[in-house]
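Colleague: Pasting input-v6.csv here (CSV, C-alpha atoms):
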chain,number,residue,atom,x,y,z
A,1,MET,CA,-20.9,6.4,2.2
A,2,THR,CA,-22.4,8.6,-0.4
A,3,ALA,CA,-22.9,7.8,-4.0
A,4,SER,CA,-19.7,8.2,-6.0
A,5,ILE,CA,-19.5,11.6,-7.8
A,6,PHE,CA,-18.0,9.8,-10.8
A,7,ARG,CA,-19.8,7.4,-13.1
A,8,ALA,CA,-18.6,4.8,-15.4
A,9,GLY,CA,-20.4,2.5,-17.9
A,10,THR,CA,-23.4,0.7,-16.8
A,11,GLY,CA,-24.4,-0.9,-13.5
A,12,THR,CA,-25.0,2.4,-11.6
A,13,GLU,CA,-28.8,2.3,-12.2
A,14,LYS,CA,-31.1,1.8,-9.2
A,15,LEU,CA,-31.8,-1.9,-8.7
A,16,HIS,CA,-35.1,-3.2,-7.3
A,17,PRO,CA,-35.6,-6.7,-5.8
A,18,GLY,CA,-36.0,-9.1,-8.7
A,19,SER,CA,-34.3,-6.8,-11.2
A,20,ASN,CA,-31.5,-7.9,-13.5
A,21,GLU,CA,-28.9,-9.5,-11.2
A,22,ILE,CA,-26.3,-9.9,-13.9
A,23,SER,CA,-25.5,-6.2,-13.4
A,24,TRP,CA,-23.6,-7.1,-10.2
A,25,HIS,CA,-21.1,-9.1,-12.1
A,26,ALA,CA,-20.0,-6.1,-14.0
A,27,TYR,CA,-18.3,-5.0,-10.8
A,28,ALA,CA,-16.3,-8.2,-10.3
A,29,ASP,CA,-13.0,-7.1,-11.9
A,30,GLY,CA,-13.2,-3.8,-9.9
A,31,VAL,CA,-13.9,-5.4,-6.6
A,32,ARG,CA,-11.1,-7.9,-7.2
A,33,PHE,CA,-8.7,-5.1,-8.1
A,34,LEU,CA,-9.5,-3.1,-4.9
A,35,ALA,CA,-9.2,-6.3,-2.8
A,36,LEU,CA,-5.9,-7.2,-4.4
A,37,ARG,CA,-4.6,-3.7,-3.8
A,38,SER,CA,-5.3,-4.0,0.0
A,39,LEU,CA,-4.5,-7.7,0.5
A,40,GLY,CA,-1.8,-8.5,-2.2
A,41,ASP,CA,-3.2,-12.0,-2.5
A,42,SER,CA,-5.0,-13.3,-5.7
A,43,ALA,CA,-7.0,-16.1,-4.0
A,44,GLU,CA,-8.3,-13.9,-1.2
A,45,ALA,CA,-9.2,-11.2,-3.7
A,46,ASP,CA,-11.2,-13.7,-5.8
A,47,ASP,CA,-13.0,-15.0,-2.7
A,48,ILE,CA,-13.9,-11.4,-1.7
A,49,ALA,CA,-15.2,-10.5,-5.2
A,50,GLN,CA,-17.4,-13.6,-5.2
A,51,GLU,CA,-18.6,-13.2,-1.7
A,52,SER,CA,-19.4,-9.5,-2.2
A,53,ILE,CA,-21.5,-10.2,-5.3
A,54,ALA,CA,-23.2,-13.1,-3.7
A,55,ARG,CA,-24.2,-10.9,-0.8
A,56,ALA,CA,-25.4,-8.1,-3.1
A,57,ILE,CA,-27.5,-10.6,-5.1
A,58,ALA,CA,-29.0,-12.0,-1.9
A,59,ALA,CA,-29.9,-8.4,-0.8
A,60,THR,CA,-31.5,-7.7,-4.2
A,61,ARG,CA,-33.6,-10.9,-3.9
A,62,ASP,CA,-34.8,-9.9,-0.4
A,63,PRO,CA,-38.5,-8.9,-1.0
A,64,ASP,CA,-38.6,-6.9,2.3
A,65,ARG,CA,-35.6,-4.8,1.4
A,66,GLU,CA,-35.9,-1.2,0.2
A,67,PRO,CA,-34.7,-0.7,-3.4
A,68,ILE,CA,-30.9,-0.2,-3.5
A,69,GLU,CA,-30.4,3.4,-4.5
A,70,ASP,CA,-26.7,3.2,-5.2
A,71,PRO,CA,-25.6,-0.2,-6.3
A,72,ALA,CA,-21.9,0.8,-6.7
A,73,GLY,CA,-21.8,2.3,-3.2
A,74,PHE,CA,-23.7,-0.7,-1.8
A,75,LEU,CA,-21.3,-3.3,-3.2
A,76,TYR,CA,-18.3,-1.1,-2.3
A,77,GLY,CA,-19.3,-1.1,1.3
A,78,ILE,CA,-19.7,-4.9,1.4
A,79,ALA,CA,-16.3,-5.4,-0.3
A,80,ARG,CA,-14.5,-3.0,2.0
A,81,HIS,CA,-15.9,-4.7,5.1
A,82,LEU,CA,-14.9,-8.1,3.8
A,83,VAL,CA,-11.3,-6.8,3.1
A,84,VAL,CA,-11.0,-5.4,6.6
A,85,ASP,CA,-12.3,-8.8,8.0
A,86,ALA,CA,-9.7,-10.6,5.9
A,87,LEU,CA,-6.9,-8.4,7.3
A,88,ARG,CA,-8.1,-8.9,10.9
A,89,ARG,CA,-8.0,-12.7,10.4
A,90,ARG,CA,-4.6,-12.4,9.0
A,91,GLU,CA,-2.9,-10.2,11.6
A,92,ARG,CA,-5.4,-10.1,14.4
A,93,LEU,CA,-4.3,-6.5,15.3
A,94,PHE,CA,-5.9,-4.7,12.4
A,95,PRO,CA,-7.6,-1.6,13.9
A,96,ILE,CA,-11.3,-0.8,13.3
A,97,GLN,CA,-11.5,1.4,10.2
A,98,SER,CA,-13.2,4.7,10.6
A,99,ALA,CA,-12.3,5.9,7.1
A,100,GLU,CA,-14.6,5.4,4.2
A,101,ALA,CA,-11.9,4.0,1.8
A,102,PHE,CA,-10.3,0.6,1.5
A,103,PRO,CA,-7.3,-0.1,3.7
A,104,ALA,CA,-4.0,1.1,2.5
A,105,GLU,CA,-2.1,-0.5,-0.4
A,106,HIS,CA,-0.4,-3.8,0.5
A,107,PRO,CA,3.4,-3.9,-0.1
A,108,ASP,CA,2.9,-7.0,-2.3
A,109,ALA,CA,0.0,-5.6,-4.3
A,110,LEU,CA,2.1,-4.7,-7.3
A,111,LYS,CA,3.2,-8.3,-7.8
A,112,ALA,CA,-0.4,-9.4,-7.4
A,113,ILE,CA,-1.9,-6.9,-9.9
A,114,VAL,CA,0.7,-6.6,-12.6
A,115,THR,CA,2.1,-9.5,-14.5
A,116,ALA,CA,5.9,-9.7,-14.7
A,117,GLU,CA,5.8,-9.0,-18.4
A,118,ASN,CA,3.6,-5.9,-18.1
A,119,HIS,CA,5.7,-4.7,-15.1
A,120,GLN,CA,8.8,-4.9,-17.2
A,121,ARG,CA,7.2,-3.2,-20.2
A,122,LEU,CA,6.1,-0.3,-18.0
A,123,ARG,CA,9.5,0.0,-16.4
A,124,SER,CA,11.2,0.0,-19.8
A,125,LEU,CA,8.8,2.8,-20.9
A,126,LEU,CA,9.6,4.8,-17.7
A,127,LYS,CA,13.3,4.5,-18.4
A,128,GLN,CA,12.8,5.9,-21.9
A,129,LEU,CA,11.1,9.0,-20.6
A,130,ASP,CA,13.1,12.2,-20.8
A,131,PRO,CA,14.1,13.6,-17.4
A,132,ALA,CA,11.4,16.3,-17.3
A,133,ASP,CA,8.6,13.9,-18.1
A,134,ARG,CA,9.9,11.3,-15.6
A,135,ASN,CA,10.0,14.1,-13.0
A,136,LEU,CA,6.4,15.1,-13.8
A,137,ILE,CA,5.2,11.5,-13.4
A,138,GLU,CA,7.1,11.0,-10.1
A,139,LEU,CA,5.8,14.3,-8.7
A,140,SER,CA,2.3,13.1,-9.6
A,141,PHE,CA,2.3,9.5,-8.6
A,142,VAL,CA,4.9,9.4,-5.8
A,143,HIS,CA,4.4,12.8,-4.2
A,144,GLY,CA,0.7,13.2,-5.1
A,145,LEU,CA,1.2,16.8,-6.3
A,146,LYS,CA,-1.5,18.3,-8.5
A,147,SER,CA,-0.9,20.1,-11.8
A,148,PRO,CA,-1.0,23.6,-10.3
A,149,GLU,CA,1.6,22.6,-7.6
A,150,ILE,CA,3.8,21.0,-10.3
A,151,ALA,CA,3.5,24.1,-12.5
A,152,ILE,CA,5.0,26.2,-9.7
A,153,ARG,CA,8.0,24.0,-9.6
A,154,THR,CA,8.5,23.6,-13.4
A,155,GLY,CA,7.6,27.2,-14.5
A,156,GLU,CA,4.9,26.0,-16.9
A,157,THR,CA,1.2,26.9,-16.8
A,158,PRO,CA,-1.1,24.5,-14.9
A,159,GLU,CA,-2.8,23.7,-18.2
A,160,ALA,CA,0.4,22.8,-19.9
A,161,VAL,CA,1.3,20.5,-17.0
A,162,ARG,CA,-2.2,18.9,-17.2
A,163,LYS,CA,-1.9,18.2,-20.9
A,164,ARG,CA,1.6,16.8,-20.6
A,165,LYS,CA,0.6,14.6,-17.7
A,166,SER,CA,-2.5,13.4,-19.5
A,167,ARG,CA,-0.4,12.5,-22.6
A,168,LEU,CA,2.2,10.7,-20.5
A,169,ILE,CA,-0.4,8.7,-18.6
A,170,GLU,CA,-2.0,7.6,-21.8
A,171,ARG,CA,1.4,6.5,-23.1
A,172,LEU,CA,2.2,4.5,-20.0
A,173,ARG,CA,-1.3,3.1,-19.8
A,174,ALA,CA,-1.0,1.8,-23.3
A,175,ALA,CA,1.6,-0.7,-22.1
A,176,LEU,CA,-1.1,-2.5,-20.2
A,177,PRO,CA,-3.5,-4.8,-22.1
A,178,SER,CA,-6.9,-3.3,-22.5
A,179,ASP,CA,-10.0,-4.9,-20.9
B,1,MET,CA,-10.5,13.3,-20.8
B,2,ASN,CA,-14.0,12.0,-20.2
B,3,GLU,CA,-15.6,14.2,-17.5
B,4,GLN,CA,-17.2,11.1,-15.9
B,5,HIS,CA,-13.7,9.9,-14.9
B,6,PRO,CA,-11.8,11.3,-11.9
B,7,ASN,CA,-9.2,13.7,-13.4
B,8,ASP,CA,-5.6,12.6,-13.6
B,9,ASP,CA,-4.6,14.8,-10.7
B,10,LEU,CA,-7.1,13.0,-8.4
B,11,LEU,CA,-6.2,9.6,-9.7
B,12,ALA,CA,-2.5,10.3,-9.1
B,13,ALA,CA,-3.1,11.8,-5.7
B,14,TYR,CA,-5.1,8.7,-4.8
B,15,SER,CA,-2.3,6.4,-6.0
B,16,ALA,CA,0.2,8.3,-3.9
B,17,GLY,CA,-2.0,8.0,-0.8
B,18,ARG,CA,-2.6,11.8,-0.8
B,19,SER,CA,-6.3,11.9,-1.3
B,20,GLY,CA,-8.7,12.3,1.6
B,21,ALA,CA,-10.9,9.4,2.8
B,22,ASP,CA,-14.0,10.7,1.0
B,23,GLU,CA,-12.2,11.4,-2.2
B,24,ALA,CA,-10.5,7.9,-2.0
B,25,ALA,CA,-13.9,6.3,-1.5
B,26,ASP,CA,-15.3,8.1,-4.5
B,27,VAL,CA,-12.3,7.1,-6.6
B,28,GLU,CA,-12.6,3.5,-5.5
B,29,THR,CA,-16.3,3.3,-6.2
B,30,HIS,CA,-15.5,4.5,-9.7
B,31,LEU,CA,-12.7,2.0,-10.0
B,32,MET,CA,-15.1,-0.9,-9.5
B,33,LEU,CA,-16.5,-0.3,-13.0
B,34,CYS,CA,-13.7,1.5,-14.8
B,35,GLY,CA,-10.8,-0.5,-16.3
B,36,ARG,CA,-9.3,2.6,-17.8
B,37,CYS,CA,-8.8,4.2,-14.3
B,38,ARG,CA,-7.7,1.0,-12.8
B,39,ASP,CA,-4.9,1.0,-15.3
B,40,VAL,CA,-3.9,4.5,-14.4
B,41,VAL,CA,-3.7,3.4,-10.7
B,42,THR,CA,-1.7,0.4,-11.8
B,43,VAL,CA,0.7,2.7,-13.6
B,44,GLY,CA,1.1,4.7,-10.4
B,45,MET,CA,1.9,1.5,-8.5
B,46,VAL,CA,4.7,0.7,-10.9
B,47,VAL,CA,6.0,4.3,-10.8
B,48,ARG,CA,6.2,4.2,-7.0
B,49,GLY,CA,7.8,0.8,-6.9
B,50,ASP,CA,10.4,2.0,-9.4
B,51,HIS,CA,11.0,5.1,-7.4
B,52,ALA,CA,11.4,3.3,-4.1
B,53,ARG,CA,14.0,1.0,-5.6
B,54,LYS,CA,16.0,4.0,-6.8
B,55,ARG,CA,15.7,5.9,-3.6
B,56,ILE,CA,16.6,3.4,-1.0
B,57,ARG,CA,20.2,2.4,-1.2
B,58,PRO,CA,21.2,0.1,1.7
B,59,LYS,CA,24.9,0.8,1.3
B,60,GLN,CA,24.3,4.4,2.5
B,61,PHE,CA,23.6,3.1,6.0
B,62,ILE,CA,25.9,1.7,8.5
B,63,LEU,CA,24.9,-1.8,9.4
B,64,PRO,CA,25.1,-2.9,13.0
B,65,PHE,CA,26.7,-6.2,13.7
B,66,ALA,CA,23.5,-8.3,14.0
B,67,ALA,CA,22.2,-6.9,10.6
B,68,LEU,CA,25.6,-7.7,9.0
B,69,ALA,CA,25.3,-11.2,10.3
B,70,ALA,CA,21.7,-11.5,8.9
B,71,ALA,CA,22.9,-10.1,5.6
B,72,ALA,CA,25.7,-12.6,5.6
B,73,ALA,CA,23.3,-15.4,6.3
B,74,LEU,CA,21.2,-14.2,3.4
B,75,TRP,CA,24.0,-14.8,1.0
B,76,MET,CA,24.0,-18.5,2.0
B,77,ARG,CA,20.2,-19.0,1.7
B,78,PRO,CA,18.4,-20.4,-1.3
B,79,ALA,CA,15.5,-18.5,-2.8
B,80,THR,CA,12.4,-18.3,-0.6
B,81,THR,CA,9.3,-20.2,-1.2
B,82,SER,CA,6.0,-18.4,-1.9
B,83,GLY,CA,4.6,-19.7,1.4
B,84,LEU,CA,7.4,-18.1,3.3
B,85,GLU,CA,7.1,-14.9,1.2
B,86,ARG,CA,3.5,-14.7,2.2
B,87,LEU,CA,4.4,-14.8,5.9
B,88,GLY,CA,6.6,-11.8,5.4
B,89,ALA,CA,3.6,-9.7,4.2
B,90,LEU,CA,2.2,-7.0,6.4
B,91,ALA,CA,-1.5,-6.3,6.4
B,92,HIS,CA,-1.1,-2.9,8.1
B,93,PRO,CA,1.9,-0.7,9.0
B,94,PRO,CA,3.1,-0.6,12.6
B,95,ALA,CA,0.9,1.9,14.4
B,96,TYR,CA,2.2,5.3,15.6
B,97,ASN,CA,0.2,6.7,18.6
B,98,GLY,CA,1.6,10.2,18.2
B,99,ILE,CA,2.7,10.8,21.8
B,100,ALA,CA,4.8,14.0,22.1
B,101,VAL,CA,8.0,13.5,24.0
B,102,ARG,CA,9.3,17.0,24.3
B,103,ALA,CA,7.6,20.3,25.4
B,104,SER,CA,9.5,22.4,22.9
B,105,LEU,CA,10.3,21.3,19.4
B,106,THR,CA,13.8,21.2,18.1
B,107,PRO,CA,14.4,21.2,14.3
B,108,GLY,CA,14.9,17.5,14.5
B,109,ASP,CA,11.6,17.1,16.4
B,110,SER,CA,9.8,19.1,13.7
B,111,LEU,CA,11.3,16.8,11.0
B,112,PHE,CA,10.3,13.8,13.0
B,113,ARG,CA,6.8,15.1,13.2
B,114,LEU,CA,6.8,15.7,9.4
B,115,GLY,CA,8.1,12.2,8.9
B,116,MET,CA,5.4,10.7,11.0
B,117,LEU,CA,2.7,12.7,9.1
B,118,ALA,CA,4.1,11.2,5.9
B,119,TYR,CA,4.1,7.8,7.5
B,120,ASN,CA,0.5,8.1,8.7
B,121,ALA,CA,-0.5,9.2,5.1
B,122,GLY,CA,1.1,6.1,3.7
B,123,ARG,CA,4.1,7.9,2.0
B,124,TYR,CA,6.7,5.6,3.5
B,125,ALA,CA,9.6,6.6,1.3
B,126,ASP,CA,9.1,10.3,2.2
B,127,ALA,CA,8.7,9.2,5.9
B,128,ALA,CA,12.0,7.3,5.8
B,129,ALA,CA,13.8,10.3,4.3
B,130,ALA,CA,12.4,12.8,6.8
B,131,LEU,CA,13.1,10.6,9.8
B,132,GLN,CA,16.6,9.9,8.6
B,133,GLN,CA,17.2,13.7,8.4
B,134,SER,CA,15.6,14.2,11.8
B,135,ARG,CA,18.0,11.7,13.2
B,136,LYS,CA,20.9,13.7,11.7
B,137,LEU,CA,19.6,16.8,13.4
B,138,GLY,CA,19.6,15.0,16.8
B,139,ALA,CA,16.1,13.5,17.1
B,140,ASP,CA,17.7,10.1,17.6
B,141,SER,CA,14.9,8.6,19.7
B,142,ALA,CA,13.8,5.0,19.8
B,143,ALA,CA,10.7,6.0,17.8
B,144,THR,CA,12.9,7.5,15.1
B,145,THR,CA,14.8,4.3,14.6
B,146,PHE,CA,11.8,2.1,14.8
B,147,PHE,CA,9.8,4.1,12.3
B,148,ILE,CA,12.7,4.4,9.8
B,149,GLY,CA,12.7,0.6,9.9
B,150,ALA,CA,8.9,0.4,9.7
B,151,SER,CA,8.9,2.7,6.7
B,152,ALA,CA,11.6,0.7,4.9
B,153,LEU,CA,9.6,-2.4,5.6
B,154,MET,CA,6.5,-0.9,4.1
B,155,ILE,CA,8.2,0.0,0.8
B,156,GLY,CA,10.0,-3.4,0.6
B,157,ALA,CA,13.5,-2.1,1.4
B,158,ASN,CA,14.0,-5.2,3.5
B,159,ASP,CA,17.7,-5.0,4.1
B,160,ARG,CA,17.4,-1.5,5.3
B,161,ALA,CA,14.4,-2.4,7.4
B,162,ALA,CA,16.4,-5.3,9.0
B,163,SER,CA,19.3,-2.9,9.8
B,164,GLU,CA,17.1,-0.3,11.5
B,165,LEU,CA,14.9,-2.7,13.3
B,166,THR,CA,18.0,-4.6,14.6
B,167,ARG,CA,19.3,-1.3,16.0
B,168,SER,CA,15.8,-0.6,17.4
B,169,ALA,CA,15.6,-4.0,19.0
B,170,GLN,CA,18.9,-3.5,20.8
B,171,LEU,CA,17.9,-0.2,22.5
B,172,THR,CA,17.3,-0.6,26.2
B,173,MET,CA,14.2,0.9,27.8
B,174,SER,CA,12.5,1.4,24.5
B,175,PRO,CA,8.7,0.9,24.2
B,176,TYR,CA,9.3,-0.5,20.7
B,177,THR,CA,11.6,-3.4,21.6
B,178,ALA,CA,9.2,-6.3,21.2
B,179,GLU,CA,7.6,-4.8,18.1
B,180,SER,CA,11.1,-4.3,16.7
B,181,HIS,CA,11.9,-8.0,17.0
B,182,TYR,CA,8.5,-8.9,15.4
B,183,TYR,CA,8.9,-6.6,12.4
B,184,LEU,CA,12.6,-7.5,12.1
B,185,ALA,CA,11.4,-11.1,11.8
B,186,LYS,CA,9.1,-10.0,8.9
B,187,ALA,CA,12.0,-8.4,7.1
B,188,LEU,CA,14.2,-11.5,7.7
B,189,VAL,CA,11.4,-13.8,6.3
B,190,ARG,CA,11.2,-11.6,3.2
B,191,MET,CA,15.0,-11.8,2.9
B,192,GLY,CA,14.8,-15.6,3.0
B,193,ASN,CA,16.3,-16.1,6.4
B,194,PRO,CA,13.6,-18.0,8.5
B,195,ASP,CA,16.1,-19.2,11.1
B,196,ALA,CA,17.0,-15.6,12.1
B,197,ALA,CA,13.4,-14.7,11.9
B,198,ILE,CA,12.4,-17.4,14.4
B,199,THR,CA,15.1,-16.2,16.8
B,200,ALA,CA,13.7,-12.7,16.6
B,201,LEU,CA,10.2,-13.9,17.1
B,202,ARG,CA,11.1,-16.0,20.1
B,203,ILE,CA,12.3,-12.8,21.8
B,204,ALA,CA,9.1,-11.0,20.8
B,205,GLY,CA,7.1,-13.9,22.0
B,206,ALA,CA,8.7,-13.8,25.4
B,207,SER,CA,7.6,-10.2,26.0
B,208,ASP,CA,4.5,-8.9,27.7
B,209,ASN,CA,3.7,-7.0,24.5
B,210,PRO,CA,0.2,-7.7,22.9
B,211,SER,CA,2.1,-8.9,19.8
B,212,ALA,CA,3.7,-11.7,21.7
B,213,SER,CA,1.0,-14.3,20.8
B,214,ILE,CA,1.1,-13.3,17.2
B,215,ALA,CA,4.9,-13.7,17.2
B,216,LEU,CA,4.5,-17.2,18.5
B,217,ALA,CA,1.9,-18.0,16.0
B,218,LEU,CA,4.2,-16.7,13.2
B,219,ILE,CA,6.9,-19.1,14.4
B,220,ASP,CA,4.5,-22.0,13.9
B,221,SER,CA,3.5,-20.7,10.5
B,222,ILE,CA,7.2,-20.4,9.4
B,223,GLN,CA,8.0,-23.9,10.6
B,224,ARG,CA,5.0,-25.3,8.8
B,225,ALA,CA,5.9,-23.5,5.6
B,226,ARG,CA,9.4,-24.8,5.8
B,227,SER,CA,8.3,-28.4,6.5
B,228,SER,CA,6.0,-28.3,3.5
B,229,ARG,CA,8.8,-27.3,1.1
For this file, produce the structure as structure tokens.
Modeller:
Amino acid sequence: MTASIFRAGTGTEKLHPGSNEISWHAYADGVRFLALRSLGDSAEADDIAQESIARAIAATRDPDREPIEDPAGFLYGIARHLVVDALRRRERLFPIQSAEAFPAEHPDALKAIVTAENHQRLRSLLKQLDPADRNLIELSFVHGLKSPEIAIRTGETPEAVRKRKSRLIERLRAALPSD
Amino acid sequence: MNEQHPNDDLLAAYSAGRSGADEAADVETHLMLCGRCRDVVTVGMVVRGDHARKRIRPKQFILPFAALAAAAALWMRPATTSGLERLGALAHPPAYNGIAVRASLTPGDSLFRLGMLAYNAGRYADAAAALQQSRKLGADSAATTFFIGASALMIGANDRAASELTRSAQLTMSPYTAESHYYLAKALVRMGNPDAAITALRIAGASDNPSASIALALIDSIQRARSSR
């Protein structure tokens, strides 16, 4: 696992043993989200978020340990293993993961992550989209097509698709309460 | 768009299960600290859920007798409890080992292969559509039926999953018979029909398949969930 090529906010600084442990808690919502996405169960996701942070704090306190170069990647690895362990306990047949990423999305994840009210609000917004915008959103989020691939289908320039997609995503995202 | 965030194309591809493992790991590491991008992924989940509901229409499929019976039983059942609903959850899709069954590929076989690529990539609605088409073109193998059912199960199209898995379970000389009963039970639990699920699990539990012990354990869990209601 290499350090993420993306950065966000604080908490990605190198941590030494004895340094500010509160930084780990900045990751709690994110770890919970990823665990919920793979497990679809709020209580298990809470447990995994707490356990991941507790293990990270313990590692930070270990005086014999090398400084943690990539806190986000370190915590990510802990959380991913805990999720795989939870899936193994649940089904007993879950295969050993060779991939770097979290296990695939759980079918019940949507219900666990989005409140019924926000779900309904987003669905209403989707229904209000004109057919071209709805098509763009589905090509992106259902089929995983990138802007240049969509541009070939719609006859627009890739830049026009990118801008339209960005505007639509912001509009839909606004239906969710901000952190 | 802040250059420190993954771009929208990458977030959408990740949401759709189309990013590579390394890209997905980078996105997920970012998601640990970024509420904005978590919201974008959440939007993607709602879009895909909405799309799956539109796309899968059970009335388009001919239901075999057993599935009709299960559907009829569903009409008479009260709403499920959350405990039973949890027992219908799947931690991982049924595995596909990718064994080729023919030396030369027919068009139906090619579509089957495409469907299974989509399945292994986690695009279950696409997989179901391709496998359905492959069956129309003659690739009507036990694997086709089983994985149409498995794909339907993964996107929550439970009635369709029950229909296909019932058909799969009835096939003789199929390597998927025991698994079909097991996953049929999952669909039936989700549909609020634990009695029918237990019947299917007893058949799965009586097999030599590695899933037999899990099937028997699931019977216990269903019975416990029902008694705690």
Colleague: By how many Å are atom CA of A:Ile48 and atom CA of A:Trp24 apart?
Modeller: 13.6 Å
Colleague: Expressed in Å to a single decimal, how great is the separation between atom CA of A:Arg88 and atom CA of B:Arg86?
Modeller: 15.6 Å
Colleague: Using all atoms listed in the file, can you list as a ChimeraX atom specification the residues within 10 Å of (-6.2, 2.4, -18.1)?
Modeller: /A:169-179 /B:34-43
Colleague: What are the nearest atom pairs, with distances in Å to one decimal, for all residues of chain B that come at most 7 Å from chain A, using all atoms listed in the file, set out by chain and rising residue number as JSON lines?
Modeller:
{"residue": "B:Gln4", "atom": "CA", "partner": "A:Arg7", "partner_atom": "CA", "distance": 5.3}
{"residue": "B:His5", "atom": "CA", "partner": "A:Phe6", "partner_atom": "CA", "distance": 5.9}
{"residue": "B:Pro6", "atom": "CA", "partner": "A:Phe6", "partner_atom": "CA", "distance": 6.5}
{"residue": "B:Asp8", "atom": "CA", "partner": "A:Ser166", "partner_atom": "CA", "distance": 6.7}
{"residue": "B:Asp9", "atom": "CA", "partner": "A:Lys146", "partner_atom": "CA", "distance": 5.2}
{"residue": "B:Ala12", "atom": "CA", "partner": "A:Phe141", "partner_atom": "CA", "distance": 4.9}
{"residue": "B:Ala13", "atom": "CA", "partner": "A:Gly144", "partner_atom": "CA", "distance": 4.1}
{"residue": "B:Ser15", "atom": "CA", "partner": "A:Phe141", "partner_atom": "CA", "distance": 6.1}
{"residue": "B:Ala16", "atom": "CA", "partner": "A:Gly144", "partner_atom": "CA", "distance": 5.1}
{"residue": "B:Arg18", "atom": "CA", "partner": "A:Gly144", "partner_atom": "CA", "distance": 5.6}
{"residue": "B:Ala21", "atom": "CA", "partner": "A:Ala101", "partner_atom": "CA", "distance": 5.6}
{"residue": "B:Asp22", "atom": "CA", "partner": "A:Glu100", "partner_atom": "CA", "distance": 6.2}
{"residue": "B:Ala24", "atom": "CA", "partner": "A:Ala101", "partner_atom": "CA", "distance": 5.6}
{"residue": "B:Ala25", "atom": "CA", "partner": "A:Ala101", "partner_atom": "CA", "distance": 4.5}
{"residue": "B:Asp26", "atom": "CA", "partner": "A:Ser4", "partner_atom": "CA", "distance": 4.6}
{"residue": "B:Thr29", "atom": "CA", "partner": "A:Ser4", "partner_atom": "CA", "distance": 6.0}
{"residue": "B:His30", "atom": "CA", "partner": "A:Phe6", "partner_atom": "CA", "distance": 6.0}
{"residue": "B:Leu31", "atom": "CA", "partner": "A:Gly30", "partner_atom": "CA", "distance": 5.8}
{"residue": "B:Met32", "atom": "CA", "partner": "A:Gly30", "partner_atom": "CA", "distance": 3.5}
{"residue": "B:Leu33", "atom": "CA", "partner": "A:Tyr27", "partner_atom": "CA", "distance": 5.5}
{"residue": "B:Cys34", "atom": "CA", "partner": "A:Ala8", "partner_atom": "CA", "distance": 5.9}
{"residue": "B:Gly35", "atom": "CA", "partner": "A:Asp179", "partner_atom": "CA", "distance": 6.4}
{"residue": "B:Asp39", "atom": "CA", "partner": "A:Arg173", "partner_atom": "CA", "distance": 6.1}
{"residue": "B:Val40", "atom": "CA", "partner": "A:Arg173", "partner_atom": "CA", "distance": 6.2}
{"residue": "B:Val43", "atom": "CA", "partner": "A:Arg173", "partner_atom": "CA", "distance": 6.5}
{"residue": "B:Gly44", "atom": "CA", "partner": "A:Phe141", "partner_atom": "CA", "distance": 5.3}
{"residue": "B:Met45", "atom": "CA", "partner": "A:Leu110", "partner_atom": "CA", "distance": 6.3}
{"residue": "B:Val46", "atom": "CA", "partner": "A:His119", "partner_atom": "CA", "distance": 6.9}
{"residue": "B:Val47", "atom": "CA", "partner": "A:Phe141", "partner_atom": "CA", "distance": 6.8}
{"residue": "B:Arg48", "atom": "CA", "partner": "A:Val142", "partner_atom": "CA", "distance": 5.5}
{"residue": "B:Ala91", "atom": "CA", "partner": "A:Leu87", "partner_atom": "CA", "distance": 5.9}
{"residue": "B:His92", "atom": "CA", "partner": "A:Phe94", "partner_atom": "CA", "distance": 6.7}
{"residue": "B:Met154", "atom": "CA", "partner": "A:Pro107", "partner_atom": "CA", "distance": 6.0}
{"residue": "B:Ile155", "atom": "CA", "partner": "A:Pro107", "partner_atom": "CA", "distance": 6.2}
{"residue": "B:Gly156", "atom": "CA", "partner": "A:Pro107", "partner_atom": "CA", "distance": 6.7}
Colleague: What's the separation between atom CA of A:Arg55 and atom CA of A:Ile78, in Å to one decimal place?
Modeller: 7.8 Å
Colleague: Excluding A:Asp47 and its own-chain neighbours fewer than 3 positions away, which residues fall within 10 Å of it when counting all atoms listed in the file? Please give them as a list in words.
Modeller: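 My list of contacting residues is Arg32, Ala35, Ser42, Ala43, Glu44, Gln50, Glu51, Ser52 and Leu82 of chain A.
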Colleague: Give me, as a PDB file with C-alpha atoms, keeping the file's coordinate frame, all polymer residues having an atom no more than 12 Å from B:Gln223, counting all atoms listed in the file and skipping those fewer than 3 positions away in the same chain.
Modeller:
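So the final result, stored in selection_17.pdb, reads:
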ATOM      1  CA  GLY B  83       4.600 -19.700   1.400  1.00  0.00           C
ATOM      2  CA  LEU B  84       7.400 -18.100   3.300  1.00  0.00           C
ATOM      3  CA  LEU B  87       4.400 -14.800   5.900  1.00  0.00           C
ATOM      4  CA  VAL B 189      11.400 -13.800   6.300  1.00  0.00           C
ATOM      5  CA  PRO B 194      13.600 -18.000   8.500  1.00  0.00           C
ATOM      6  CA  ASP B 195      16.100 -19.200  11.100  1.00  0.00           C
ATOM      7  CA  ALA B 197      13.400 -14.700  11.900  1.00  0.00           C
ATOM      8  CA  ILE B 198      12.400 -17.400  14.400  1.00  0.00           C
ATOM      9  CA  LEU B 216       4.500 -17.200  18.500  1.00  0.00           C
ATOM     10  CA  ALA B 217       1.900 -18.000  16.000  1.00  0.00           C
ATOM     11  CA  LEU B 218       4.200 -16.700  13.200  1.00  0.00           C
ATOM     12  CA  ILE B 219       6.900 -19.100  14.400  1.00  0.00           C
ATOM     13  CA  ASP B 220       4.500 -22.000  13.900  1.00  0.00           C
ATOM     14  CA  ARG B 226       9.400 -24.800   5.800  1.00  0.00           C
ATOM     15  CA  SER B 227       8.300 -28.400   6.500  1.00  0.00           C
ATOM     16  CA  SER B 228       6.000 -28.300   3.500  1.00  0.00           C
ATOM     17  CA  ARG B 229       8.800 -27.300   1.100  1.00  0.00           C
TER      18      ARG B 229
END
